[in-house]
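Structure first, commentary second.
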Amino acid sequence: MSELESVTGAEVESPVLARVLTALGGLVLEVEEQTPQRGWVRVDPARVREAARIMYEDLQARLATVTGIDVRDGIDILYHWCFDGDAYVVTLKGLAEAPAMAIDSVGQDLPAADWIEREMHDLLGAEFRGHPDMRRLILADDWPEGAYPLRRDFKVPKVDATGKRETDQWAGAADPAKTPKPSASQPKRPKPGQTLINVGPFHPLQEEAEFFQLYCEGETVVDMDMRTSYNHRGIEELSSRLTWDQVPFLVERVCGICSASHPWAYIRAVETLCGVQAPPRAEYLRTIVAELERLHSHMLWIGLAGHFLGYNTVWMWGWKYREPVMDILELVTGSRIHYANNRIGGVRRDVSPDLYPEIRKAVDSLKAPLELITKAVLDDPVLHARLKNVGVLSEEEARRWAVTGPTARGSNVPIDVRRDEPHGAYDEVEWDVITRPEGDVFAKAVVRCLECFESIKIIEQCLDQIPDGPIAAEVDHVPRGESCGHYEAPRGETFHYIRSDGGPGPVRHKIRAPSYVNIPSFRASCIGQQVADVTIILASVDPCYSCTERMARLVDADTGKPMGTFQDMVRASRQRTRRLRGQV
Amino acid sequence: MSLAMFGLKKSPWVYHVNVGACNNCDIEVLELLTPRYDVERLGMVLVGTPRHADALLVTGMCSRQAEPRLREIYRQTPKPCVVFCIGSCACTGGIFRHGYHFSQPVDQVIRDEDPDAVIAYVPGCPPKPEAMIAGAATALAAL
């Protein structure tokens, strides 16, 4: 009997899974090898911290996200670990048994798990022993204590045609009168000598409401805190009430600029569970739409980044030249955004070959403006002065926070789901993953600019090579089981987990958008930076709200009197540009 | 017509509020400012505070967390003002209306604050920029 078998009683085919089982040793309780790319391992819940340390430090895996599921015996905590170079995802499961629903916190060791544990606490009531900060993250300030939306017994009162709820009582709530938990809506008082700059939650150019608190000593940011929830729409819970085919329409609307990405990640998960492969023509069509999305998303970011720095021309030109992409998307899918082109098994609509010349013309028309903008970014000495060595996220921090997308690739972490786990047409066309070692905002800007050219390459090759044939495989039943799928959205990896009981829809659908792991890394990249640089650093991860400008107040820590507005911060940012331009 | 109303109709200054949207409507709102649609030729300018605004462009389904803040923003906006509910989510709650974090449709929140509020609806998911301009023009002409 091999050492592996003696430890786990299991013979596994995948060398990656075998490595994991050997390293975890006696922690392993059960193993399931689902596909050559997916493995599921139940571990001793008392030793999840050790398991996490082994996965992160010994095996160099990346924590994609953690899913909590209300099961009969408690709350099952699923840690999804990615081996990017091996195209493998191992999920470790630890049961937080009822009635305590408690398990050791992995977030106290690994920042990548920090936020997700707070979220699982809010939504499921799981306790994470040792987590340093259990303030409310995702639910509203006035949310009743003891009401856990993702628990099976939680019932949301129906909303009638006028938008009124039948009742204000939330079934499954322990006691609606209980005092709401503290949240970051009431920021901690700054220490003596520090100034608290509240950034948010609303601002003219901000696309989403988010609330940042920057603690500054003089001009330098020494700490920051964040409050989300303004945008929380309860999509995971809504998904569990829909059918498998309805879910793509819902997850499309997780984010406006990742409309192709979220459905594709979800659909990959379902197709893995069903054992279905979409036909080749469908994979090409999916790829074309997704790369068009990446193009318009990156150009959007370039425009907004220019705007923060005071280069409004870059904003106007970037967005003007992105319009042809929106037109083509409308031509090909019927809508500028929210394309609804993807379905389980393939795509919804075919694209007639008559349209190929239009698509080619549109992407061709982007080459000259993109070159202009890329050269401007790469060569302009003022942009160098503003963006180089600003907001540096080191490679080590990038791995600890498990960031993805251009945020990771700009910090020398060469991960890209399109290359690491080939799907669509990505392994049939020639393209490069763009990586930069510096980790500063400049590196991330360069990565995004150059990725636009790669996207154009991919689209053109797809149009050259796209095969004829059916556009969808028929799927009539989704069997029992669970599955996860991921896709490289413009901002990074979007990760979806689904669980099926053979019914008409998912019983649990976990969605982790890329910004969820990228935004918390601000704590690493903003610390030690100048206040005037904060706007561009916050924007450099291209958060899922297109813009990070907020309404801010500068408050004197001693007197509590307001000292200025956010307009002053933006002015400071632009003044810095002017000063540097004079020096350069 | 009062001078304030004349100014509002001639050049409505807008303040954009996202109370729980997917950003699509918000991006399309920003696109109104960019060269292809260029609403500045119609006098529309994005302002930095509700206190300077003639119109609020509200997007999103109004989450529980955002609702008190939306009320505050409406109170801060000087009257007369027009509230535009941009997108299906702002009009009715959209695809998120049955979710646990949905509070009330935006128009109910505003009417609760001010029963005489002027509210215009631009449905769509997202409404195309042309639809937003048409909605704005129609609403302003009706004032």
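We label chains A, B, ... in the order they appear in the structure tokens, count residues from 1 in each chain, and number ligands from 1 in the order shown.
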Listing only residues of chain A within 8 Å of chain B, what is the closest atom pair and its distance in Å (to one decimal) for each, using only C-alpha atoms, sorted by chain and residue number ascending, as a Markdown table?
```
| residue | atom | partner | partner_atom | distance |
| --- | --- | --- | --- | --- |
| A:Leu139 | CA | B:Gln65 | CA | 7.5 |
| A:Ala140 | CA | B:Gln65 | CA | 4.5 |
| A:Asp141 | CA | B:Gln65 | CA | 6.4 |
| A:Asp142 | CA | B:Gln65 | CA | 7.7 |
| A:Pro149 | CA | B:Tyr100 | CA | 7.2 |
| A:Val156 | CA | B:Tyr100 | CA | 5.8 |
| A:Lys158 | CA | B:His98 | CA | 6.4 |
| A:Val159 | CA | B:His98 | CA | 5.9 |
| A:Thr162 | CA | B:Thr92 | CA | 7.7 |
| A:Gly163 | CA | B:Gln104 | CA | 6.0 |
| A:Lys164 | CA | B:Gln104 | CA | 6.7 |
| A:Phe202 | CA | B:Val17 | CA | 6.9 |
| A:His203 | CA | B:Gly48 | CA | 6.8 |
| A:Pro204 | CA | B:Gly48 | CA | 5.0 |
| A:Leu205 | CA | B:His16 | CA | 7.4 |
| A:Glu207 | CA | B:Asp26 | CA | 5.8 |
| A:Glu208 | CA | B:Asn18 | CA | 5.7 |
| A:Ala209 | CA | B:Asn18 | CA | 6.4 |
| A:Ser229 | CA | B:Gln65 | CA | 6.3 |
| A:Tyr230 | CA | B:Ala66 | CA | 5.1 |
| A:Asn231 | CA | B:Gly20 | CA | 4.0 |
| A:His232 | CA | B:Gly20 | CA | 6.6 |
| A:Arg233 | CA | B:His101 | CA | 5.6 |
| A:Gly234 | CA | B:Gly99 | CA | 5.6 |
| A:Ile235 | CA | B:Gly99 | CA | 7.2 |
| A:Glu237 | CA | B:Gly99 | CA | 7.2 |
| A:Leu238 | CA | B:Gly99 | CA | 6.0 |
| A:Leu250 | CA | B:Ile95 | CA | 7.1 |
| A:Arg253 | CA | B:Cys22 | CA | 5.7 |
| A:Val254 | CA | B:Cys22 | CA | 5.6 |
| A:Cys255 | CA | B:Cys22 | CA | 4.5 |
| A:Gly256 | CA | B:Asn24 | CA | 4.2 |
| A:Ile257 | CA | B:Asn24 | CA | 7.0 |
| A:Met316 | CA | B:Thr34 | CA | 5.5 |
| A:Trp317 | CA | B:Pro35 | CA | 7.9 |
| A:Trp319 | CA | B:Thr34 | CA | 6.5 |
| A:Lys320 | CA | B:Pro35 | CA | 5.8 |
| A:Glu323 | CA | B:Arg36 | CA | 7.8 |
| A:Ile337 | CA | B:Asn24 | CA | 7.3 |
| A:His338 | CA | B:Cys125 | CA | 7.8 |
| A:Tyr545 | CA | B:Asn23 | CA | 6.5 |
| A:Ser546 | CA | B:Ile27 | CA | 7.6 |
| A:Gln567 | CA | B:Gly48 | CA | 7.9 |
```
Save out the residues we just selected, N, CA and C atoms, as a tab-separated table (two decimals), in the first residue's frame.
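Saved the output as part.tsv:
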```
chain	number	residue	atom	x	y	z
A	139	LEU	N	-23.73	43.58	5.58
A	139	LEU	CA	-25.15	43.89	5.78
A	139	LEU	C	-25.29	45.30	6.35
A	140	ALA	N	-26.50	45.85	6.20
A	140	ALA	CA	-26.73	47.25	6.58
A	140	ALA	C	-26.54	47.46	8.08
A	141	ASP	N	-26.32	48.74	8.46
A	141	ASP	CA	-26.12	49.07	9.87
A	141	ASP	C	-27.31	48.67	10.72
A	142	ASP	N	-28.52	48.76	10.14
A	142	ASP	CA	-29.71	48.49	10.94
A	142	ASP	C	-30.20	47.05	10.78
A	149	PRO	N	-29.20	35.73	6.35
A	149	PRO	CA	-29.90	35.55	5.08
A	149	PRO	C	-29.57	34.26	4.34
A	156	VAL	N	-37.39	35.51	3.07
A	156	VAL	CA	-37.53	36.92	2.76
A	156	VAL	C	-38.99	37.19	2.42
A	158	LYS	N	-42.20	38.49	0.67
A	158	LYS	CA	-42.36	38.83	-0.74
A	158	LYS	C	-42.59	40.32	-0.91
A	159	VAL	N	-42.21	40.81	-2.08
A	159	VAL	CA	-42.41	42.21	-2.42
A	159	VAL	C	-43.54	42.29	-3.43
A	162	THR	N	-46.05	47.12	-5.94
A	162	THR	CA	-45.64	48.50	-5.69
A	162	THR	C	-44.31	48.56	-4.96
A	163	GLY	N	-43.72	47.41	-4.68
A	163	GLY	CA	-42.43	47.41	-4.02
A	163	GLY	C	-42.52	47.30	-2.51
A	164	LYS	N	-43.72	47.18	-2.00
A	164	LYS	CA	-43.85	47.07	-0.54
A	164	LYS	C	-43.72	45.61	-0.12
A	202	PHE	N	-20.75	58.76	-0.92
A	202	PHE	CA	-21.22	59.21	-2.23
A	202	PHE	C	-20.32	60.29	-2.78
A	203	HIS	N	-20.17	60.29	-4.06
A	203	HIS	CA	-19.38	61.32	-4.72
A	203	HIS	C	-19.84	61.43	-6.17
A	204	PRO	N	-19.74	62.61	-6.73
A	204	PRO	CA	-20.25	62.82	-8.09
A	204	PRO	C	-19.79	61.80	-9.12
A	205	LEU	N	-18.51	61.52	-9.16
A	205	LEU	CA	-18.04	60.64	-10.22
A	205	LEU	C	-17.90	59.20	-9.76
A	207	GLU	N	-18.94	55.59	-9.03
A	207	GLU	CA	-19.98	54.75	-9.59
A	207	GLU	C	-20.72	53.97	-8.54
A	208	GLU	N	-20.04	53.64	-7.47
A	208	GLU	CA	-20.67	52.87	-6.40
A	208	GLU	C	-20.44	53.61	-5.11
A	209	ALA	N	-21.26	53.34	-4.15
A	209	ALA	CA	-21.03	53.92	-2.84
A	209	ALA	C	-20.13	53.00	-2.04
A	229	SER	N	-21.37	47.46	1.74
A	229	SER	CA	-22.79	47.22	2.06
A	229	SER	C	-23.76	48.10	1.30
A	230	TYR	N	-23.30	49.28	0.85
A	230	TYR	CA	-24.24	50.18	0.17
A	230	TYR	C	-24.75	49.54	-1.10
A	231	ASN	N	-23.91	48.69	-1.68
A	231	ASN	CA	-24.25	48.10	-2.96
A	231	ASN	C	-24.68	46.65	-2.85
A	232	HIS	N	-24.81	46.17	-1.63
A	232	HIS	CA	-25.10	44.75	-1.46
A	232	HIS	C	-26.51	44.46	-1.90
A	233	ARG	N	-26.68	43.55	-2.84
A	233	ARG	CA	-28.00	43.29	-3.38
A	233	ARG	C	-28.52	41.90	-3.06
A	234	GLY	N	-27.74	41.13	-2.36
A	234	GLY	CA	-28.21	39.81	-1.97
A	234	GLY	C	-28.32	38.85	-3.13
A	235	ILE	N	-27.34	38.92	-4.03
A	235	ILE	CA	-27.45	38.14	-5.27
A	235	ILE	C	-27.33	36.65	-5.02
A	237	GLU	N	-28.36	34.95	-2.52
A	237	GLU	CA	-29.62	34.42	-2.03
A	237	GLU	C	-30.66	34.40	-3.13
A	238	LEU	N	-30.67	35.44	-3.97
A	238	LEU	CA	-31.60	35.48	-5.09
A	238	LEU	C	-31.35	34.32	-6.04
A	250	LEU	N	-29.14	36.94	-13.96
A	250	LEU	CA	-28.93	37.61	-12.68
A	250	LEU	C	-27.46	37.95	-12.48
A	253	ARG	N	-25.66	40.87	-13.94
A	253	ARG	CA	-25.88	42.17	-13.30
A	253	ARG	C	-25.17	42.28	-11.96
A	254	VAL	N	-24.23	41.42	-11.71
A	254	VAL	CA	-23.36	41.62	-10.55
A	254	VAL	C	-22.58	42.89	-10.77
A	255	CYS	N	-22.09	43.04	-12.00
A	255	CYS	CA	-21.29	44.21	-12.32
A	255	CYS	C	-21.50	44.55	-13.77
A	256	GLY	N	-21.55	45.84	-14.04
A	256	GLY	CA	-21.82	46.29	-15.38
A	256	GLY	C	-20.73	46.00	-16.37
A	257	ILE	N	-19.46	45.99	-15.90
A	257	ILE	CA	-18.39	45.83	-16.86
A	257	ILE	C	-17.86	44.41	-16.88
A	316	MET	N	-11.66	61.85	-22.07
A	316	MET	CA	-12.59	62.05	-23.18
A	316	MET	C	-12.19	61.20	-24.39
A	317	TRP	N	-10.89	61.17	-24.69
A	317	TRP	CA	-10.47	60.40	-25.85
A	317	TRP	C	-10.61	58.91	-25.60
A	319	TRP	N	-12.71	57.34	-23.74
A	319	TRP	CA	-14.11	56.93	-23.81
A	319	TRP	C	-14.69	57.13	-25.19
A	320	LYS	N	-14.19	58.11	-25.92
A	320	LYS	CA	-14.68	58.30	-27.29
A	320	LYS	C	-14.29	57.09	-28.13
A	323	GLU	N	-16.29	53.76	-27.78
A	323	GLU	CA	-17.66	53.63	-28.31
A	323	GLU	C	-17.80	52.62	-29.45
A	337	ILE	N	-24.25	46.60	-23.22
A	337	ILE	CA	-23.75	45.88	-22.05
A	337	ILE	C	-24.87	44.97	-21.58
A	338	HIS	N	-24.59	44.04	-20.71
A	338	HIS	CA	-25.57	43.01	-20.34
A	338	HIS	C	-25.95	42.22	-21.58
A	545	TYR	N	-16.47	49.34	-9.02
A	545	TYR	CA	-17.11	50.62	-9.21
A	545	TYR	C	-16.11	51.44	-9.99
A	546	SER	N	-16.54	51.98	-11.12
A	546	SER	CA	-15.56	52.48	-12.08
A	546	SER	C	-14.70	53.59	-11.54
A	567	GLN	N	-12.92	67.77	-2.85
A	567	GLN	CA	-12.45	68.53	-4.01
A	567	GLN	C	-11.03	69.00	-3.76
```
Those in stretch 34-212 of chain A with helix (DSSP H, G or I) from DSSP, as an mmCIF file with C-alpha atoms, in the first residue's frame:
```
data_model
loop_
_atom_site.group_PDB
_atom_site.id
_atom_site.type_symbol
_atom_site.label_atom_id
_atom_site.label_comp_id
_atom_site.auth_asym_id
_atom_site.auth_seq_id
_atom_site.Cartn_x
_atom_site.Cartn_y
_atom_site.Cartn_z
ATOM 1 C CA PRO A 45 -12.359 21.067 11.325
ATOM 2 C CA ALA A 46 -10.247 21.479 14.439
ATOM 3 C CA ARG A 47 -7.131 21.848 12.306
ATOM 4 C CA VAL A 48 -8.183 24.159 9.452
ATOM 5 C CA ARG A 49 -5.569 26.758 10.386
ATOM 6 C CA GLU A 50 -2.846 24.192 10.005
ATOM 7 C CA ALA A 51 -4.360 23.010 6.735
ATOM 8 C CA ALA A 52 -4.429 26.589 5.442
ATOM 9 C CA ARG A 53 -0.822 27.133 6.440
ATOM 10 C CA ILE A 54 0.210 23.972 4.638
ATOM 11 C CA MET A 55 -1.652 24.975 1.496
ATOM 12 C CA TYR A 56 -0.347 28.546 1.478
ATOM 13 C CA GLU A 57 3.233 28.165 2.686
ATOM 14 C CA ASP A 58 4.239 24.607 1.825
ATOM 15 C CA ASP A 84 -2.646 28.198 -11.054
ATOM 16 C CA GLY A 85 0.289 26.600 -12.815
ATOM 17 C CA ASP A 86 -1.377 23.173 -12.704
ATOM 18 C CA PRO A 111 -5.185 38.453 4.946
ATOM 19 C CA ALA A 112 -6.798 36.844 1.893
ATOM 20 C CA ALA A 113 -9.388 35.266 4.207
ATOM 21 C CA ASP A 114 -10.005 38.357 6.320
ATOM 22 C CA TRP A 115 -13.040 39.853 4.596
ATOM 23 C CA ILE A 116 -14.692 36.596 3.567
ATOM 24 C CA GLU A 117 -14.824 35.384 7.152
ATOM 25 C CA ARG A 118 -16.509 38.617 8.203
ATOM 26 C CA GLU A 119 -18.968 38.141 5.358
ATOM 27 C CA MET A 120 -19.746 34.548 6.337
ATOM 28 C CA HIS A 121 -20.308 35.725 9.871
ATOM 29 C CA ASP A 122 -22.779 38.365 8.649
ATOM 30 C CA LEU A 123 -24.641 36.130 6.253
ATOM 31 C CA LEU A 124 -24.515 32.747 7.987
#
```
* Residues of stretch 63-215 of chain A in strand (DSSP E or B) according to DSSP, as a ChimeraX atom specification? -> /A:63-71,74-83,88-97,102-104,127-129,136,155,159,165,171,183,195-199,211-215
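Picture a line from atom CA of B:His52 to atom CA of B:Leu8; it runs 11.1 Å.
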* So which residues touch A:Leu300 within 7 Å, counting only C-alpha atoms, skipping near sequence neighbours fewer than 3 positions away, as a list in words? ->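 What passes the distance filter is His296, Ser297, Gly303, Leu304, Gly318 and Trp319 of chain A.
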* Give the answer as one residue: which of A:Ser183, A:Gln194, A:Ser105, A:Gln246 has the shortest atom-to-atom distance to A:Val221, using only C-alpha atoms? =>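 Of A:Ser183, A:Gln194, A:Ser105, A:Gln246, the one nearest A:Val221, counting only C-alpha atoms, is A:Gln194.
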